[in-house]
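This is data_39.pdb. It holds PDB, C-alpha atoms.
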```pdb
ATOM      1  CA  MET A   1       3.550 -18.141  -2.936
ATOM      2  CA  ASP A   2       5.108 -16.241  -0.082
ATOM      3  CA  ALA A   3       3.525 -12.882   0.716
ATOM      4  CA  ILE A   4       6.739 -10.861   0.898
ATOM      5  CA  GLN A   5       8.170 -12.505  -2.195
ATOM      6  CA  ARG A   6       5.054 -11.497  -4.111
ATOM      7  CA  ALA A   7       5.163  -8.016  -2.657
ATOM      8  CA  PHE A   8       8.742  -7.438  -3.806
ATOM      9  CA  PRO A   9       9.309  -9.851  -6.713
ATOM     10  CA  THR A  10      12.410  -8.090  -8.021
ATOM     11  CA  LEU A  11      14.486  -8.177  -4.847
ATOM     12  CA  THR A  12      18.015  -9.472  -5.236
ATOM     13  CA  GLN A  13      18.696 -13.125  -4.490
ATOM     14  CA  LYS A  14      20.985 -12.450  -1.541
ATOM     15  CA  LEU A  15      18.140 -10.821   0.351
ATOM     16  CA  ASP A  16      15.752 -13.732  -0.049
ATOM     17  CA  LEU A  17      13.112 -13.304   2.656
ATOM     18  CA  ARG A  18      11.282 -16.560   2.044
ATOM     19  CA  ARG A  19      13.353 -18.548   4.531
ATOM     20  CA  GLN A  20      12.939 -15.820   7.144
ATOM     21  CA  LEU A  21       9.172 -16.122   6.798
ATOM     22  CA  ASP A  22       9.043 -19.898   7.133
ATOM     23  CA  THR A  23       7.923 -19.498  10.730
ATOM     24  CA  ILE A  24       4.709 -17.699   9.731
ATOM     25  CA  LYS A  25       3.876 -19.886   6.740
ATOM     26  CA  PRO A  26       1.195 -21.764   8.706
ATOM     27  CA  ASP A  27      -0.397 -18.437   9.621
ATOM     28  CA  LEU A  28      -0.254 -17.233   6.014
ATOM     29  CA  ALA A  29      -1.901 -20.464   4.883
ATOM     30  CA  THR A  30      -4.622 -19.871   7.478
ATOM     31  CA  ILE A  31      -5.148 -16.371   6.081
ATOM     32  CA  GLU A  32      -5.776 -17.758   2.600
ATOM     33  CA  GLU A  33      -8.161 -20.384   3.970
ATOM     34  CA  ARG A  34     -10.054 -17.828   6.035
ATOM     35  CA  LEU A  35     -10.344 -15.446   3.097
ATOM     36  CA  ARG A  36     -11.891 -18.196   0.987
ATOM     37  CA  PHE A  37     -14.275 -18.960   3.851
ATOM     38  CA  GLN A  38     -15.549 -15.369   3.841
ATOM     39  CA  VAL A  39     -17.377 -16.087   0.584
ATOM     40  CA  GLN A  40     -19.825 -18.240   2.523
ATOM     41  CA  GLU A  41     -20.782 -15.238   4.650
ATOM     42  CA  PHE A  42     -22.427 -13.510   1.688
ATOM     43  CA  ASP A  43     -25.730 -14.184  -0.043
ATOM     44  CA  PRO A  44     -25.313 -17.082  -2.535
ATOM     45  CA  GLY A  45     -26.462 -14.768  -5.305
ATOM     46  CA  ILE A  46     -23.349 -12.602  -4.972
ATOM     47  CA  SER A  47     -20.835 -15.154  -3.726
ATOM     48  CA  GLY A  48     -19.312 -15.516  -7.186
ATOM     49  CA  TYR A  49     -18.462 -11.820  -7.323
ATOM     50  CA  VAL A  50     -16.973 -11.897  -3.829
ATOM     51  CA  SER A  51     -14.931 -14.997  -4.629
ATOM     52  CA  TYR A  52     -13.517 -13.284  -7.716
ATOM     53  CA  ALA A  53     -12.480 -10.226  -5.695
ATOM     54  CA  LEU A  54     -10.873 -12.278  -2.928
ATOM     55  CA  ASP A  55      -8.988 -14.492  -5.380
ATOM     56  CA  SER A  56      -6.848 -11.544  -6.414
ATOM     57  CA  ASN A  57      -3.445 -13.256  -6.281
ATOM     58  CA  GLY A  58      -2.577 -10.227  -4.189
ATOM     59  CA  LYS A  59       0.551  -9.511  -2.229
ATOM     60  CA  ARG A  60      -0.995 -10.105   1.228
ATOM     61  CA  ILE A  61       1.674  -7.756   2.576
ATOM     62  CA  ARG A  62      -0.675  -6.272   5.179
ATOM     63  CA  PRO A  63      -1.671  -9.639   6.688
ATOM     64  CA  ALA A  64       2.004 -10.645   6.697
ATOM     65  CA  LEU A  65       2.849  -7.479   8.624
ATOM     66  CA  VAL A  66       0.102  -8.231  11.149
ATOM     67  CA  LEU A  67       1.544 -11.686  11.772
ATOM     68  CA  LEU A  68       5.169 -10.561  11.955
ATOM     69  CA  ALA A  69       4.297  -7.701  14.309
ATOM     70  CA  ALA A  70       2.283 -10.118  16.445
ATOM     71  CA  HIS A  71       5.210 -12.507  16.843
ATOM     72  CA  ALA A  72       7.714  -9.668  17.330
ATOM     73  CA  SER A  73       5.626  -8.164  20.118
ATOM     74  CA  GLY A  74       4.586 -11.379  21.837
ATOM     75  CA  LYS A  75       2.719 -14.116  20.000
ATOM     76  CA  SER A  76       0.229 -14.661  17.195
ATOM     77  CA  THR A  77      -3.310 -15.464  18.335
ATOM     78  CA  PRO A  78      -6.625 -16.173  16.575
ATOM     79  CA  GLN A  79      -7.471 -12.505  17.074
ATOM     80  CA  HIS A  80      -4.435 -11.555  15.020
ATOM     81  CA  ILE A  81      -5.765 -13.726  12.201
ATOM     82  CA  ASP A  82      -9.104 -11.894  12.490
ATOM     83  CA  LEU A  83      -7.278  -8.565  12.321
ATOM     84  CA  ALA A  84      -5.314  -9.658   9.257
ATOM     85  CA  ILE A  85      -8.520 -10.720   7.487
ATOM     86  CA  ALA A  86     -10.322  -7.452   8.262
ATOM     87  CA  VAL A  87      -7.403  -5.328   7.064
ATOM     88  CA  GLU A  88      -7.000  -7.330   3.859
ATOM     89  CA  LEU A  89     -10.732  -7.053   3.082
ATOM     90  CA  ILE A  90     -10.523  -3.267   3.425
ATOM     91  CA  HIS A  91      -7.511  -3.245   1.115
ATOM     92  CA  LEU A  92      -9.283  -5.391  -1.486
ATOM     93  CA  ALA A  93     -12.322  -3.128  -1.323
ATOM     94  CA  THR A  94     -10.141  -0.102  -2.088
ATOM     95  CA  LEU A  95      -8.631  -1.901  -5.080
ATOM     96  CA  VAL A  96     -12.088  -2.602  -6.527
ATOM     97  CA  HIS A  97     -12.986   1.075  -6.179
ATOM     98  CA  ASP A  98      -9.590   2.269  -7.462
ATOM     99  CA  ASP A  99     -10.054   0.279 -10.655
ATOM    100  CA  ILE A 100     -13.395   1.974 -11.264
ATOM    101  CA  MET A 101     -11.935   5.463 -10.783
ATOM    102  CA  ASP A 102      -8.947   4.677 -12.992
ATOM    103  CA  GLY A 103     -10.996   2.875 -15.634
ATOM    104  CA  ALA A 104      -8.606  -0.059 -15.257
ATOM    105  CA  SER A 105      -9.311  -3.132 -17.334
ATOM    106  CA  LYS A 106      -6.744  -5.436 -15.729
ATOM    107  CA  ARG A 107      -5.112  -5.954 -12.360
ATOM    108  CA  ARG A 108      -2.373  -8.527 -11.826
ATOM    109  CA  GLY A 109      -3.011 -10.018 -15.235
ATOM    110  CA  LYS A 110      -6.752 -10.626 -14.999
ATOM    111  CA  PRO A 111      -9.833  -8.497 -15.767
ATOM    112  CA  THR A 112     -10.936  -6.194 -12.973
ATOM    113  CA  ALA A 113     -14.409  -6.423 -11.458
ATOM    114  CA  PHE A 114     -15.126  -3.132 -13.213
ATOM    115  CA  ALA A 115     -14.138  -4.607 -16.579
ATOM    116  CA  LYS A 116     -16.150  -7.790 -16.048
ATOM    117  CA  TRP A 117     -19.379  -6.401 -14.616
ATOM    118  CA  GLY A 118     -19.367  -2.634 -14.992
ATOM    119  CA  ALA A 119     -19.097   0.269 -12.589
ATOM    120  CA  GLU A 120     -22.458  -0.103 -10.841
ATOM    121  CA  LEU A 121     -21.884  -3.678  -9.717
ATOM    122  CA  ALA A 122     -18.214  -3.098  -8.936
ATOM    123  CA  VAL A 123     -19.045  -0.138  -6.674
ATOM    124  CA  LEU A 124     -21.501  -2.277  -4.729
ATOM    125  CA  LEU A 125     -19.020  -5.153  -4.551
ATOM    126  CA  GLY A 126     -16.403  -2.863  -3.018
ATOM    127  CA  ASP A 127     -19.023  -1.573  -0.593
ATOM    128  CA  CYS A 128     -19.863  -5.146   0.446
ATOM    129  CA  LEU A 129     -16.210  -5.915   1.155
ATOM    130  CA  PHE A 130     -15.861  -2.740   3.226
ATOM    131  CA  CYS A 131     -18.986  -3.495   5.234
ATOM    132  CA  HIS A 132     -17.982  -7.102   5.811
ATOM    133  CA  ALA A 133     -14.585  -5.999   7.107
ATOM    134  CA  LEU A 134     -16.236  -3.646   9.580
ATOM    135  CA  LYS A 135     -18.691  -6.366  10.571
ATOM    136  CA  LEU A 136     -15.776  -8.687  11.371
ATOM    137  CA  SER A 137     -14.016  -5.964  13.323
ATOM    138  CA  SER A 138     -17.068  -5.541  15.556
ATOM    139  CA  ASN A 139     -16.344  -8.998  17.014
ATOM    140  CA  PHE A 140     -13.212  -7.858  18.835
ATOM    141  CA  PRO A 141     -13.786  -7.659  22.600
ATOM    142  CA  SER A 142     -12.108  -4.260  22.737
ATOM    143  CA  GLN A 143     -13.924  -1.317  21.195
ATOM    144  CA  GLU A 144     -10.533   0.301  20.662
ATOM    145  CA  ILE A 145      -9.623  -2.329  18.064
ATOM    146  CA  SER A 146     -12.924  -1.945  16.211
ATOM    147  CA  ARG A 147     -12.694   1.845  16.332
ATOM    148  CA  LYS A 148      -9.133   1.957  15.007
ATOM    149  CA  ILE A 149      -9.969  -0.388  12.117
ATOM    150  CA  ALA A 150     -12.937   1.812  11.211
ATOM    151  CA  GLU A 151     -10.747   4.919  11.485
ATOM    152  CA  ALA A 152      -8.160   3.371   9.172
ATOM    153  CA  ALA A 153     -10.843   2.526   6.603
ATOM    154  CA  ASN A 154     -12.117   6.090   6.797
ATOM    155  CA  GLU A 155      -8.586   7.455   6.444
ATOM    156  CA  VAL A 156      -7.885   5.360   3.348
ATOM    157  CA  CYS A 157     -11.071   6.578   1.672
ATOM    158  CA  SER A 158     -10.398  10.172   2.698
ATOM    159  CA  GLY A 159      -6.901   9.943   1.244
ATOM    160  CA  GLU A 160      -8.291   8.663  -2.035
ATOM    161  CA  ILE A 161     -10.785  11.537  -2.135
ATOM    162  CA  LEU A 162      -8.044  14.063  -1.499
ATOM    163  CA  GLN A 163      -5.842  12.532  -4.187
ATOM    164  CA  THR A 164      -8.710  12.628  -6.684
ATOM    165  CA  GLN A 165      -9.572  16.178  -5.652
ATOM    166  CA  ARG A 166      -5.976  17.320  -6.193
ATOM    167  CA  ARG A 167      -5.511  15.812  -9.652
ATOM    168  CA  PHE A 168      -3.980  18.404 -11.990
ATOM    169  CA  ASP A 169      -3.677  20.734  -8.977
ATOM    170  CA  LEU A 170      -0.455  22.601  -9.639
ATOM    171  CA  LYS A 171      -0.502  24.079  -6.123
ATOM    172  CA  LEU A 172      -0.084  20.656  -4.493
ATOM    173  CA  SER A 173       2.896  20.813  -2.126
ATOM    174  CA  ILE A 174       5.252  18.019  -1.139
ATOM    175  CA  PRO A 175       3.990  17.990   2.499
ATOM    176  CA  GLU A 176       0.418  17.695   1.183
ATOM    177  CA  TYR A 177       1.457  14.827  -1.080
ATOM    178  CA  ILE A 178       3.099  13.031   1.864
ATOM    179  CA  LYS A 179      -0.048  13.525   3.953
ATOM    180  CA  ILE A 180      -2.218  12.020   1.212
ATOM    181  CA  ILE A 181      -0.093   8.905   0.738
ATOM    182  CA  SER A 182       0.211   8.483   4.504
ATOM    183  CA  MET A 183      -3.579   8.349   4.566
ATOM    184  CA  LYS A 184      -4.313   6.227   1.523
ATOM    185  CA  THR A 185      -1.438   3.742   1.885
ATOM    186  CA  GLY A 186       0.181   4.280   5.261
ATOM    187  CA  ALA A 187      -3.066   3.898   7.217
ATOM    188  CA  LEU A 188      -3.491   0.162   6.612
ATOM    189  CA  PHE A 189       0.213  -0.585   7.086
ATOM    190  CA  ARG A 190       0.077   1.419  10.311
ATOM    191  CA  VAL A 191      -3.047  -0.210  11.724
ATOM    192  CA  SER A 192      -1.727  -3.681  10.823
ATOM    193  CA  THR A 193       1.393  -3.354  12.937
ATOM    194  CA  GLU A 194      -0.005  -1.119  15.677
ATOM    195  CA  LEU A 195      -3.043  -3.255  16.477
ATOM    196  CA  ALA A 196      -0.962  -6.438  16.453
ATOM    197  CA  ALA A 197       0.844  -4.950  19.453
ATOM    198  CA  VAL A 198      -2.380  -3.711  21.048
ATOM    199  CA  LEU A 199      -3.803  -7.242  20.904
ATOM    200  CA  ASN A 200      -0.688  -8.458  22.726
ATOM    201  CA  ASN A 201      -1.212  -5.858  25.487
ATOM    202  CA  CYS A 202       2.197  -4.354  24.813
ATOM    203  CA  ARG A 203       3.674  -1.320  26.525
ATOM    204  CA  PRO A 204       2.688   2.070  25.036
ATOM    205  CA  ASP A 205       6.213   2.627  23.674
ATOM    206  CA  GLU A 206       6.138  -0.739  21.870
ATOM    207  CA  ILE A 207       2.721   0.006  20.381
ATOM    208  CA  LEU A 208       3.967   3.395  19.192
ATOM    209  CA  ALA A 209       7.102   1.808  17.745
ATOM    210  CA  LEU A 210       5.124  -0.628  15.628
ATOM    211  CA  ARG A 211       2.674   2.091  14.612
ATOM    212  CA  ASN A 212       5.568   4.251  13.401
ATOM    213  CA  TYR A 213       7.169   1.288  11.644
ATOM    214  CA  GLY A 214       4.001   0.632   9.643
ATOM    215  CA  ASP A 215       3.534   4.303   8.810
ATOM    216  CA  PHE A 216       7.106   4.842   7.584
ATOM    217  CA  LEU A 217       7.098   1.595   5.604
ATOM    218  CA  GLY A 218       3.741   2.430   4.009
ATOM    219  CA  ILE A 219       4.856   5.896   2.932
ATOM    220  CA  ALA A 220       8.102   4.522   1.482
ATOM    221  CA  TYR A 221       6.176   1.769  -0.303
ATOM    222  CA  GLN A 222       3.873   4.298  -1.998
ATOM    223  CA  ILE A 223       6.675   6.658  -3.047
ATOM    224  CA  TYR A 224       8.484   3.659  -4.522
ATOM    225  CA  ASP A 225       5.350   2.673  -6.447
ATOM    226  CA  ASP A 226       5.058   6.233  -7.733
ATOM    227  CA  CYS A 227       8.677   6.136  -8.899
ATOM    228  CA  LEU A 228       7.957   3.004 -10.921
ATOM    229  CA  ASP A 229       5.589   5.120 -13.004
ATOM    230  CA  LEU A 230       8.717   6.871 -14.248
ATOM    231  CA  VAL A 231      11.139   4.008 -14.756
ATOM    232  CA  GLY A 232       9.179   0.772 -14.393
ATOM    233  CA  THR A 233       7.799  -1.495 -17.080
ATOM    234  CA  GLU A 234       4.258  -2.613 -17.731
ATOM    235  CA  GLY A 235       5.275  -6.157 -16.863
ATOM    236  CA  SER A 236       6.634  -5.204 -13.440
ATOM    237  CA  THR A 237       4.105  -2.547 -12.455
ATOM    238  CA  GLY A 238       0.936  -3.796 -14.116
ATOM    239  CA  LYS A 239       0.327  -0.411 -15.729
ATOM    240  CA  THR A 240       1.714   1.674 -18.560
ATOM    241  CA  VAL A 241       4.566   3.985 -17.582
ATOM    242  CA  GLY A 242       3.349   7.579 -17.307
ATOM    243  CA  THR A 243      -0.178   6.629 -16.258
ATOM    244  CA  ASP A 244      -0.057   8.806 -13.136
ATOM    245  CA  LEU A 245       0.945  11.907 -15.088
ATOM    246  CA  ALA A 246      -1.694  11.290 -17.750
ATOM    247  CA  LYS A 247      -4.351  11.080 -15.024
ATOM    248  CA  GLY A 248      -3.120  14.208 -13.302
ATOM    249  CA  LYS A 249      -1.589  12.485 -10.270
ATOM    250  CA  LEU A 250       1.340  14.683  -9.282
ATOM    251  CA  THR A 251       3.839  12.454  -7.505
ATOM    252  CA  LEU A 252       6.987  13.237  -5.549
ATOM    253  CA  PRO A 253       9.567  13.177  -8.390
ATOM    254  CA  LEU A 254       7.538  15.677 -10.443
ATOM    255  CA  LEU A 255       6.688  17.847  -7.440
ATOM    256  CA  HIS A 256      10.407  18.131  -6.629
ATOM    257  CA  VAL A 257      11.223  19.350 -10.142
ATOM    258  CA  LEU A 258       8.332  21.824 -10.077
ATOM    259  CA  ALA A 259       9.526  23.214  -6.748
ATOM    260  CA  GLN A 260      13.071  23.675  -8.099
ATOM    261  CA  SER A 261      12.010  25.325 -11.380
ATOM    262  CA  SER A 262      12.018  28.987 -12.260
ATOM    263  CA  PRO A 263       8.673  30.736 -12.919
ATOM    264  CA  ALA A 264       9.236  30.477 -16.679
ATOM    265  CA  GLU A 265      10.079  26.775 -16.423
ATOM    266  CA  GLN A 266       7.079  26.179 -14.206
ATOM    267  CA  GLU A 267       4.785  27.750 -16.772
ATOM    268  CA  GLN A 268       6.163  25.449 -19.452
ATOM    269  CA  LEU A 269       5.824  22.385 -17.217
ATOM    270  CA  HIS A 270       2.309  23.379 -16.181
ATOM    271  CA  ASN A 271       1.265  23.595 -19.817
ATOM    272  CA  ILE A 272       2.503  20.049 -20.471
ATOM    273  CA  ILE A 273       0.800  18.702 -17.348
ATOM    274  CA  LEU A 274      -2.535  20.310 -18.189
ATOM    275  CA  HIS A 275      -2.588  20.206 -21.971
ATOM    276  CA  GLY A 276       0.308  18.043 -23.119
ATOM    277  CA  THR A 277       0.285  15.309 -25.725
ATOM    278  CA  PRO A 278       1.425  11.759 -24.926
ATOM    279  CA  GLU A 279       4.739  12.602 -26.593
ATOM    280  CA  SER A 280       5.301  15.777 -24.552
ATOM    281  CA  ARG A 281       4.405  13.935 -21.339
ATOM    282  CA  THR A 282       6.970  11.268 -22.160
ATOM    283  CA  GLU A 283       9.562  14.003 -22.624
ATOM    284  CA  LEU A 284       8.521  15.519 -19.297
ATOM    285  CA  LEU A 285       9.046  12.199 -17.520
ATOM    286  CA  ALA A 286      12.565  12.068 -18.964
ATOM    287  CA  GLN A 287      13.184  15.614 -17.708
ATOM    288  CA  VAL A 288      12.032  14.642 -14.225
ATOM    289  CA  VAL A 289      14.678  11.914 -14.148
ATOM    290  CA  GLU A 290      17.389  14.122 -15.660
ATOM    291  CA  ARG A 291      16.706  17.018 -13.287
ATOM    292  CA  GLY A 292      16.983  14.963 -10.125
ATOM    293  CA  GLY A 293      13.336  14.319  -9.306
ATOM    294  CA  LEU A 294      13.844  10.572  -9.164
ATOM    295  CA  LYS A 295      17.060  10.810  -7.137
ATOM    296  CA  ASN A 296      15.340  13.068  -4.617
ATOM    297  CA  ALA A 297      12.445  10.621  -4.267
ATOM    298  CA  VAL A 298      14.877   7.734  -3.776
ATOM    299  CA  ARG A 299      16.630   9.654  -0.989
ATOM    300  CA  ARG A 300      13.295  10.220   0.724
ATOM    301  CA  ILE A 301      12.390   6.540   0.403
ATOM    302  CA  HIS A 302      15.663   5.591   2.075
ATOM    303  CA  SER A 303      14.976   8.096   4.851
ATOM    304  CA  TYR A 304      11.548   6.607   5.585
ATOM    305  CA  LEU A 305      12.911   3.066   5.445
ATOM    306  CA  ASP A 306      15.694   3.998   7.874
ATOM    307  CA  GLN A 307      13.104   5.471  10.224
ATOM    308  CA  ALA A 308      11.061   2.263   9.984
ATOM    309  CA  VAL A 309      14.057   0.176  11.072
ATOM    310  CA  ALA A 310      14.985   2.622  13.838
ATOM    311  CA  ALA A 311      11.434   2.526  15.235
ATOM    312  CA  LEU A 312      11.811  -1.155  16.106
ATOM    313  CA  GLN A 313      14.738  -0.747  18.485
ATOM    314  CA  VAL A 314      12.498  -0.726  21.569
ATOM    315  CA  LEU A 315      11.243  -4.247  20.786
ATOM    316  CA  PRO A 316      12.968  -7.355  22.133
ATOM    317  CA  LYS A 317      15.683  -8.647  19.827
ATOM    318  CA  THR A 318      14.156 -11.717  18.152
ATOM    319  CA  GLY A 319      14.148 -13.382  14.761
ATOM    320  CA  TYR A 320      10.767 -11.802  14.077
ATOM    321  CA  ARG A 321      12.127  -8.327  14.739
ATOM    322  CA  ASP A 322      15.028  -9.181  12.458
ATOM    323  CA  THR A 323      12.542 -10.040   9.700
ATOM    324  CA  LEU A 324      10.621  -6.795  10.203
ATOM    325  CA  GLU A 325      13.932  -4.925   9.963
ATOM    326  CA  GLY A 326      14.908  -6.971   6.925
ATOM    327  CA  ILE A 327      11.893  -5.881   4.885
ATOM    328  CA  PRO A 328      12.807  -2.163   4.639
ATOM    329  CA  ARG A 329      16.487  -3.027   4.268
ATOM    330  CA  ALA A 330      15.755  -5.309   1.336
ATOM    331  CA  VAL A 331      13.488  -2.708  -0.238
ATOM    332  CA  ALA A 332      16.178  -0.070   0.264
ATOM    333  CA  GLU A 333      18.743  -2.130  -1.611
ATOM    334  CA  HIS A 334      16.399  -2.558  -4.536
ATOM    335  CA  VAL A 335      15.261   1.084  -4.515
ATOM    336  CA  ALA A 336      18.916   2.130  -4.776
ATOM    337  CA  THR A 337      18.924   0.749  -8.331
ATOM    338  CA  LEU A 338      16.242   3.239  -9.445
ATOM    339  CA  GLY A 339      18.409   6.309  -9.476
TER     340      GLY A 339
END
```

Could you quickly redo this structure as structure tokens?
Amino acid sequence: MDAIQRAFPTLTQKLDLRRQLDTIKPDLATIEERLRFQVQEFDPGISGYVSYALDSNGKRIRPALVLLAAHASGKSTPQHIDLAIAVELIHLATLVHDDIMDGASKRRGKPTAFAKWGAELAVLLGDCLFCHALKLSSNFPSQEISRKIAEAANEVCSGEILQTQRRFDLKLSIPEYIKIISMKTGALFRVSTELAAVLNNCRPDEILALRNYGDFLGIAYQIYDDCLDLVGTEGSTGKTVGTDLAKGKLTLPLLHVLAQSSPAEQEQLHNIILHGTPESRTELLAQVVERGGLKNAVRRIHSYLDQAVAALQVLPKTGYRDTLEGIPRAVAEHVATLG
């Protein structure tokens, strides 16, 4: 199945991106083949665990962005495939660890590694995927590539630590929230598109353009995912609505309402966040929608998506640039239906 289609399965028919991605289908097929091959690089005693983690039926959005950015900034090479594999392995490692922290029993319809084998083994499995990604990145001839991949991995983990640290933290500000999601989600989007241009020896302004594109798209993507916790369904999001609030993750829609509330209202909201029942939390989610928290988040998503499209204007006008521009535009059209 096409990577972008899986990433955004509810996009409207008129913005079907599958045909636009036909030109990178061979590369996407190579990604899947290379991911399966990685299993052979591990000790036979753990290959079954690794195979299970890699066969995630995931979106592969990050590898797709690597390939599109490569073509838009020059051409796709074997090194771009290597980059796509390393970035996807880091992403999969974070998912294994996320499921442990969240106590998640299922991801994309199948049991998580945590649910199948317990926390101890799942932690080590995630560690193995991280280390293997960094091992692969050491093969690039340029130390800059290896260093930036390692920095992105560090940034993702740091963002996750900060998010965990700030759970139930009523002093969390909107700029701090944006910083955290830029780290934990934006970092891999950013490194995917930026390093694709670096590998093509692009001009500094083109490298910066693709870096900014990935960053803006990643931030918008995460805010959108957070909004689904308010108005999504378990079938579309893979988790129960309100999970973020129950776990103390204060996302943009709620932070907006808190910032706009009077001291008395804030005290009431704080009490629900810290000590509320499932019923009171459900009522709070409805208040967030009614009081404009969702609409504000949607406006911010559109702003980041617009910035992503604008960042690409320095690149040559090609069909690949058109596809990169089409991704945020298609997401924007769908996001507009949220509120």

Take the PyMOL selection byres ((chain A and resi 335-337) around 9), apply it to the structure above, and return the hits as a PDB file with C-alpha atoms, in the coordinates of the input.
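Okay, result-v4.pdb is ready:
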```pdb
ATOM      1  CA  TYR A 224       8.484   3.659  -4.522  1.00  0.00           C
ATOM      2  CA  VAL A 298      14.877   7.734  -3.776  1.00  0.00           C
ATOM      3  CA  ARG A 299      16.630   9.654  -0.989  1.00  0.00           C
ATOM      4  CA  ILE A 301      12.390   6.540   0.403  1.00  0.00           C
ATOM      5  CA  HIS A 302      15.663   5.591   2.075  1.00  0.00           C
ATOM      6  CA  ALA A 330      15.755  -5.309   1.336  1.00  0.00           C
ATOM      7  CA  VAL A 331      13.488  -2.708  -0.238  1.00  0.00           C
ATOM      8  CA  ALA A 332      16.178  -0.070   0.264  1.00  0.00           C
ATOM      9  CA  GLU A 333      18.743  -2.130  -1.611  1.00  0.00           C
ATOM     10  CA  HIS A 334      16.399  -2.558  -4.536  1.00  0.00           C
ATOM     11  CA  LEU A 338      16.242   3.239  -9.445  1.00  0.00           C
ATOM     12  CA  GLY A 339      18.409   6.309  -9.476  1.00  0.00           C
TER      13      GLY A 339
END
```

Using all atoms listed in the file, find each residue of segment 134-197 of chain A with at least one atom at most 8 Å away from an atom of segment 46-63 of chain A; report its shortest atom-to-atom pair and that distance in Å (one decimal), sort the rows by chain and rising residue number, and return the result as a tab-separated table.
```
residue	atom	partner	partner_atom	distance
A:Leu188	CA	A:Arg62	CA	7.2
A:Phe189	CA	A:Arg62	CA	6.1
A:Ser192	CA	A:Arg62	CA	6.3
```

Output of the above residues as an mmCIF file, in the frame of the given file, restricted to C-alpha atoms:
```
data_model
loop_
_atom_site.group_PDB
_atom_site.id
_atom_site.type_symbol
_atom_site.label_atom_id
_atom_site.label_comp_id
_atom_site.auth_asym_id
_atom_site.auth_seq_id
_atom_site.Cartn_x
_atom_site.Cartn_y
_atom_site.Cartn_z
ATOM 1 C CA LEU A 188 -3.491 0.162 6.612
ATOM 2 C CA PHE A 189 0.213 -0.585 7.086
ATOM 3 C CA SER A 192 -1.727 -3.681 10.823
#
```

Could you write out as a ChimeraX atom specification the residues that the PyMOL selection byres ((chain A and resi 68-84) around 6) matches in the shown file?
/A:63,65-67,85-87,193,196-197,320-321

For the file shown, what are the residues hit by the PyMOL selection byres ((chain A and resi 285) around 12), laid out as a PyMOL selection string?
chain A and resi 227-232+241-246+250-251+253-255+257+269+272-273+276+278-284+286-294

When you count only C-alpha atoms, which of these residues is closest to Gly186 of chain A: A:Val314, A:Ile219, A:Leu121, A:Leu324?
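Of A:Val314, A:Ile219, A:Leu121, A:Leu324, the one nearest Gly186 of chain A is A:Ile219, counting only C-alpha atoms.
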
For Ile207 of chain A, list every protein, DNA or RNA residue within 6 Å, evaluated using only C-alpha atoms, and leave out those in the same chain fewer than 2 positions away; present the list as a ChimeraX atom specification.
/A:194,197,204-205,209-210

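Restricting the calculation to only C-alpha atoms, the smallest distance between Ile100 of chain A and any of A:Ala122, A:Ala259, A:Ala297, A:Cys157 is found for A:Ala122.
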
May I ask for the distance between atom CA of Ser146 of chain A and atom CA of Asp99 of chain A, given in Å to one decimal place?
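So the two atoms, atom CA of Ser146 of chain A and atom CA of Asp99 of chain A, lie 27.1 Å apart.
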
Just to confirm, what's the straight-line distance from atom CA of Ile161 of chain A to atom CA of Arg107 of chain A in Å (one decimal)?
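Calculated distance between atom CA of Ile161 of chain A and atom CA of Arg107 of chain A is 21.0 Å.
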
Separation of atom CA of Arg190 of chain A from atom CA of Arg167 of chain A in Å
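Straight-line distance from atom CA of Arg167 of chain A to atom CA of Arg190 of chain A works out to 25.2 Å.
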
Option closest in space to Leu274 of chain A, from A:Leu92, A:Cys131, A:Leu170, A:Ile24 [counting only C-alpha atoms]
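Among the listed residues, A:Leu170 lies closest to Leu274 of chain A.
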
Centre and edges of the segment 25-37 of chain A box, axis-aligned, 6 Å extra per side, as AutoDock Vina command-line options:
```
--center_x -5.2 --center_y -18.6 --center_z 5.3 --size_x 30.2 --size_y 18.3 --size_z 20.6
```

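Each of A:Lys179, A:His132, A:Lys171, A:Arg108 was compared to His270 of chain A using all atoms listed in the file, and A:Lys171 turns out to be the nearest.
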
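Distances from A:Leu134, A:Leu162, A:Leu35, A:Leu305 to Leu217 of chain A were compared using all atoms listed in the file, and the smallest one belongs to A:Leu305.
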
Please tell me which residues are no farther than 10 Å from (-14.7, -1.8, -3.1) in the file, counting all atoms listed in the file, and write them as a list in words.
Ala53, Leu89, Ile90, His91, Leu92, Ala93, Thr94, Leu95, Val96, His97, Asp98, Asp99, Ile100, Ala113, Leu121, Ala122, Val123, Leu124, Leu125, Gly126, Asp127, Cys128, Leu129, Phe130 and Cys131 of chain A

Nearest to Asp225 of chain A by atom-to-atom distance, counting only C-alpha atoms, from A:Leu199, A:Leu252, A:Ala115, A:Ile174:
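Among A:Leu199, A:Leu252, A:Ala115, A:Ile174, it is A:Leu252 that comes nearest to Asp225 of chain A.
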